[in-house]
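What follows is a set of notes on a single structure, which appears directly below.
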Amino acid sequence: MANYDFNKKVLILTGASGGIGKATMKYFFNCGASLAVTYNRNEEVKALAMELDPTQGRILTEQVDVTSSEECNNFAQQCLERYGHADFLVNNAGVLRISAVEVTSNELWRQVIATNLDSVFYMCRAFIPILRQGGAIVNIGSAAAHRGAIDHSAYAASKAAVLTFSRSLALELAPKIRCNCLSPGMIDTEMLEELTEEVLQTLRDESPYKRLGRPEEIAGAIAFLCSQDASFVTAETLHVNGACYIS
């Protein structure tokens with residue numbers, strides 16, 4: 001694991017209670033960063049925050065509905081009052097709902113689009129004013145955004161939109177702030193709980209690596225995109241999916 005120096009840097013992270021979120025919290029905290037993280041219903045993130053930082057001097061946890069522009073704006077104000085600035089914004093909140101188009105309800109479609117796409121827009125708009133020169137935004141996409149996926153039309157569409165949004169935003173923010181996407185494949189997290197073991201085994205078999213990805217592998221890639229090692233990388237999508245998007 002690369003040991004980036006994120007001392008005096010502030011990470012803003014959504015979807016912190018998921019597997020990728022928790023791994024990212026640990027990675028950045030161990031690299032010296034201060035954190036401001038959101039969760040929705042799963043409060044395990046609070047226990048992790050206390051484990052990492054018993055004094056809570058370097059971690060702010062907040063229950064935020066990232067599909068609400070007002071709550072995103074309020075969270076940005078909280079972060080500004082707590083830390084005075086932000087350096088990295090990682091939009092990781094997301095939901096996966098399995099449904100064929102012909103039976104997908106309006107409500108399910110809107111939930112997926114709101115969580116996976118609207119939240120990225122709201123958080124970026126809220127935090128751009130407090131991101132410091134040399135900062136970075138990393139938006140979490142998906143291999144499904146590139147290749148599509150059966151019964152995942154809402155999910156794939158929302159993630160594909162995130163890719164294009166991120167490229168456009170990178171042009172707007174250059175050269176002050178970089179903006180990139182990261183496209184995971186099937187990562188061993190709670191998001192896969194809807195899938196049967198038979199389906200999961202099929203996914204493993206189809207992968208050139210014959211396994212699911214690990215949350216820590218995504219966290220390390222996020223850290224790279226935020227680091228000065230990626231200082232000339234923007235408007236890009238980094239695939240961290242074991243080539244599943246082409247296999």
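Naming scheme: A, B, ... for chains in displayed order of the structure tokens; residues 1 onward per chain; ligands 1 onward as shown.
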I'd like the neighbourhood of Ala221 (chain A) as a PyMOL selection string, where a residue qualifies if any of its atoms comes within 12 Å (using only C-alpha atoms), though same-chain residues fewer than 2 positions away should be ignored. chain A and resi 1-2+4+20+23-24+27-28+90+138-140+180-184+214-219+223-227+229-230+237-241
Using N, CA, C and O atoms, can you export the residues from the last selection as a CSV table (one decimal), in the first residue's frame?
chain,number,residue,atom,x,y,z
A,1,MET,N,0.8,-1.2,0.0
A,1,MET,CA,0.0,0.0,0.0
A,1,MET,C,0.9,1.2,0.0
A,1,MET,O,1.8,1.4,0.8
A,2,ALA,N,0.6,2.2,-0.9
A,2,ALA,CA,1.3,3.4,-0.9
A,2,ALA,C,1.0,4.2,0.3
A,2,ALA,O,-0.1,4.2,0.8
A,4,TYR,N,0.7,7.6,1.1
A,4,TYR,CA,0.6,9.0,0.7
A,4,TYR,C,0.6,9.9,1.9
A,4,TYR,O,0.1,9.6,3.0
A,20,ILE,N,-16.6,0.0,0.4
A,20,ILE,CA,-15.7,0.9,-0.2
A,20,ILE,C,-15.5,2.1,0.7
A,20,ILE,O,-14.4,2.6,0.9
A,23,ALA,N,-13.3,1.3,3.8
A,23,ALA,CA,-11.9,1.1,3.4
A,23,ALA,C,-11.3,2.4,3.1
A,23,ALA,O,-10.1,2.6,3.4
A,24,THR,N,-12.0,3.3,2.4
A,24,THR,CA,-11.5,4.6,2.1
A,24,THR,C,-11.2,5.5,3.3
A,24,THR,O,-10.2,6.2,3.4
A,27,TYR,N,-8.0,4.2,4.9
A,27,TYR,CA,-6.8,4.5,4.1
A,27,TYR,C,-6.4,5.9,4.3
A,27,TYR,O,-5.2,6.2,4.6
A,28,PHE,N,-7.4,6.9,4.1
A,28,PHE,CA,-7.0,8.3,4.2
A,28,PHE,C,-6.7,8.7,5.6
A,28,PHE,O,-5.7,9.5,5.8
A,90,VAL,N,-14.9,12.8,-2.5
A,90,VAL,CA,-15.1,11.5,-3.1
A,90,VAL,C,-16.6,11.2,-3.0
A,90,VAL,O,-17.2,11.0,-1.9
A,138,VAL,N,-13.2,12.8,-6.9
A,138,VAL,CA,-13.3,11.5,-7.5
A,138,VAL,C,-14.7,11.0,-7.4
A,138,VAL,O,-15.2,10.9,-6.3
A,139,ASN,N,-15.3,10.8,-8.5
A,139,ASN,CA,-16.7,10.3,-8.6
A,139,ASN,C,-16.6,8.8,-8.9
A,139,ASN,O,-16.0,8.4,-9.8
A,140,ILE,N,-17.4,8.0,-8.1
A,140,ILE,CA,-17.4,6.5,-8.3
A,140,ILE,C,-18.4,6.1,-9.4
A,140,ILE,O,-19.6,6.4,-9.3
A,180,ASN,N,-11.9,13.3,-11.6
A,180,ASN,CA,-11.8,12.0,-12.3
A,180,ASN,C,-12.9,11.0,-11.8
A,180,ASN,O,-13.5,11.3,-10.8
A,181,CYS,N,-13.1,10.0,-12.6
A,181,CYS,CA,-14.0,8.9,-12.2
A,181,CYS,C,-13.1,7.6,-11.9
A,181,CYS,O,-12.0,7.5,-12.5
A,182,LEU,N,-13.7,6.8,-11.2
A,182,LEU,CA,-13.2,5.5,-10.9
A,182,LEU,C,-14.3,4.5,-11.1
A,182,LEU,O,-15.4,4.6,-10.6
A,183,SER,N,-14.0,3.5,-12.0
A,183,SER,CA,-15.1,2.5,-12.3
A,183,SER,C,-14.7,1.1,-11.7
A,183,SER,O,-13.9,0.4,-12.3
A,184,PRO,N,-15.3,0.8,-10.6
A,184,PRO,CA,-15.1,-0.6,-10.0
A,184,PRO,C,-15.9,-1.6,-10.8
A,184,PRO,O,-16.8,-1.3,-11.5
A,214,ARG,N,-11.6,-6.3,-4.0
A,214,ARG,CA,-11.6,-6.0,-2.6
A,214,ARG,C,-11.8,-4.5,-2.4
A,214,ARG,O,-11.2,-3.7,-3.1
A,215,PRO,N,-12.5,-4.1,-1.4
A,215,PRO,CA,-12.7,-2.7,-1.1
A,215,PRO,C,-11.4,-1.9,-1.0
A,215,PRO,O,-11.3,-0.8,-1.4
A,216,GLU,N,-10.4,-2.5,-0.4
A,216,GLU,CA,-9.1,-1.9,-0.2
A,216,GLU,C,-8.4,-1.5,-1.5
A,216,GLU,O,-7.7,-0.6,-1.6
A,217,GLU,N,-8.7,-2.3,-2.5
A,217,GLU,CA,-8.1,-2.1,-3.9
A,217,GLU,C,-8.8,-0.8,-4.5
A,217,GLU,O,-8.1,-0.1,-5.2
A,218,ILE,N,-10.0,-0.6,-4.2
A,218,ILE,CA,-10.7,0.7,-4.6
A,218,ILE,C,-10.1,1.9,-3.8
A,218,ILE,O,-9.9,2.9,-4.4
A,219,ALA,N,-10.0,1.7,-2.5
A,219,ALA,CA,-9.5,2.8,-1.7
A,219,ALA,C,-8.2,3.3,-2.1
A,219,ALA,O,-7.9,4.5,-2.2
A,223,ALA,N,-7.1,7.0,-3.5
A,223,ALA,CA,-6.0,7.7,-2.9
A,223,ALA,C,-5.0,8.2,-4.0
A,223,ALA,O,-4.5,9.3,-4.0
A,224,PHE,N,-4.7,7.3,-5.0
A,224,PHE,CA,-3.8,7.7,-6.1
A,224,PHE,C,-4.4,8.9,-6.8
A,224,PHE,O,-3.7,9.9,-7.1
A,225,LEU,N,-5.7,8.9,-7.1
A,225,LEU,CA,-6.3,9.9,-7.9
A,225,LEU,C,-6.3,11.3,-7.1
A,225,LEU,O,-6.3,12.3,-7.7
A,226,CYS,N,-6.3,11.2,-5.8
A,226,CYS,CA,-6.2,12.4,-5.0
A,226,CYS,C,-4.8,12.9,-4.8
A,226,CYS,O,-4.6,14.1,-4.5
A,227,SER,N,-3.8,12.0,-5.0
A,227,SER,CA,-2.5,12.3,-4.6
A,227,SER,C,-1.8,13.2,-5.7
A,227,SER,O,-2.3,13.3,-6.9
A,229,ASP,N,0.8,12.2,-7.2
A,229,ASP,CA,1.2,11.3,-8.3
A,229,ASP,C,0.2,11.4,-9.5
A,229,ASP,O,0.6,11.0,-10.6
A,230,ALA,N,-1.0,11.9,-9.3
A,230,ALA,CA,-1.9,12.1,-10.3
A,230,ALA,C,-2.2,13.5,-10.7
A,230,ALA,O,-3.2,13.9,-11.1
A,237,THR,N,-11.2,8.2,-16.6
A,237,THR,CA,-11.8,7.2,-15.8
A,237,THR,C,-10.8,6.1,-15.6
A,237,THR,O,-10.3,5.5,-16.5
A,238,LEU,N,-10.6,5.8,-14.3
A,238,LEU,CA,-9.7,4.7,-14.0
A,238,LEU,C,-10.5,3.4,-13.7
A,238,LEU,O,-11.3,3.4,-12.8
A,239,HIS,N,-10.2,2.4,-14.5
A,239,HIS,CA,-10.9,1.1,-14.4
A,239,HIS,C,-10.1,0.3,-13.3
A,239,HIS,O,-8.9,0.0,-13.4
A,240,VAL,N,-10.9,-0.1,-12.2
A,240,VAL,CA,-10.3,-1.0,-11.2
A,240,VAL,C,-11.3,-2.1,-11.1
A,240,VAL,O,-12.1,-2.2,-10.2
A,241,ASN,N,-11.3,-3.0,-12.1
A,241,ASN,CA,-12.4,-4.0,-12.2
A,241,ASN,C,-11.8,-5.3,-12.8
A,241,ASN,O,-12.6,-6.1,-13.2
_Just want the 10 Å neighbourhood of region 44-48 of chain A, counted on only C-alpha atoms, with same-chain residues fewer than 5 positions away dropped. Output as a list in words._
Gly15, Ala16, Ser17, Gly18, Gly21, Lys22, Met25, Lys26, Val37, Thr38, Tyr39, Asp53, Pro54, Ile59, Leu60, Thr61, Glu62 and Gln63 of chain A
request  = Select, from A:Arg125, A:His152, A:His146, A:Arg58, the residue with the minimum atom-to-atom distance to Ala100 (chain A), counting only C-alpha atoms.
outcome  =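 Checking each of A:Arg125, A:His152, A:His146, A:Arg58 against Ala100 (chain A), counting only C-alpha atoms, the winner is A:His152.
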*All strand (DSSP E or B) positions in region 22-244 of chain A, as JSON, numbers by chain*: {"A": [34, 35, 36, 37, 38, 39, 59, 60, 61, 62, 63, 86, 87, 88, 89, 90, 91, 99, 131, 132, 133, 134, 135, 136, 137, 138, 139, 140, 152, 178, 179, 180, 181, 182, 183, 184, 187, 213, 237, 238, 239, 240]}
Can you list, as a PyMOL selection string, every protein, DNA or RNA residue that comes within 12 Å of Arg147 (chain A) when you count only C-alpha atoms, leaving out same-chain residues fewer than 3 positions away?
chain A and resi 142-144+150+152-153+155-157+159-160+183+185+243-247
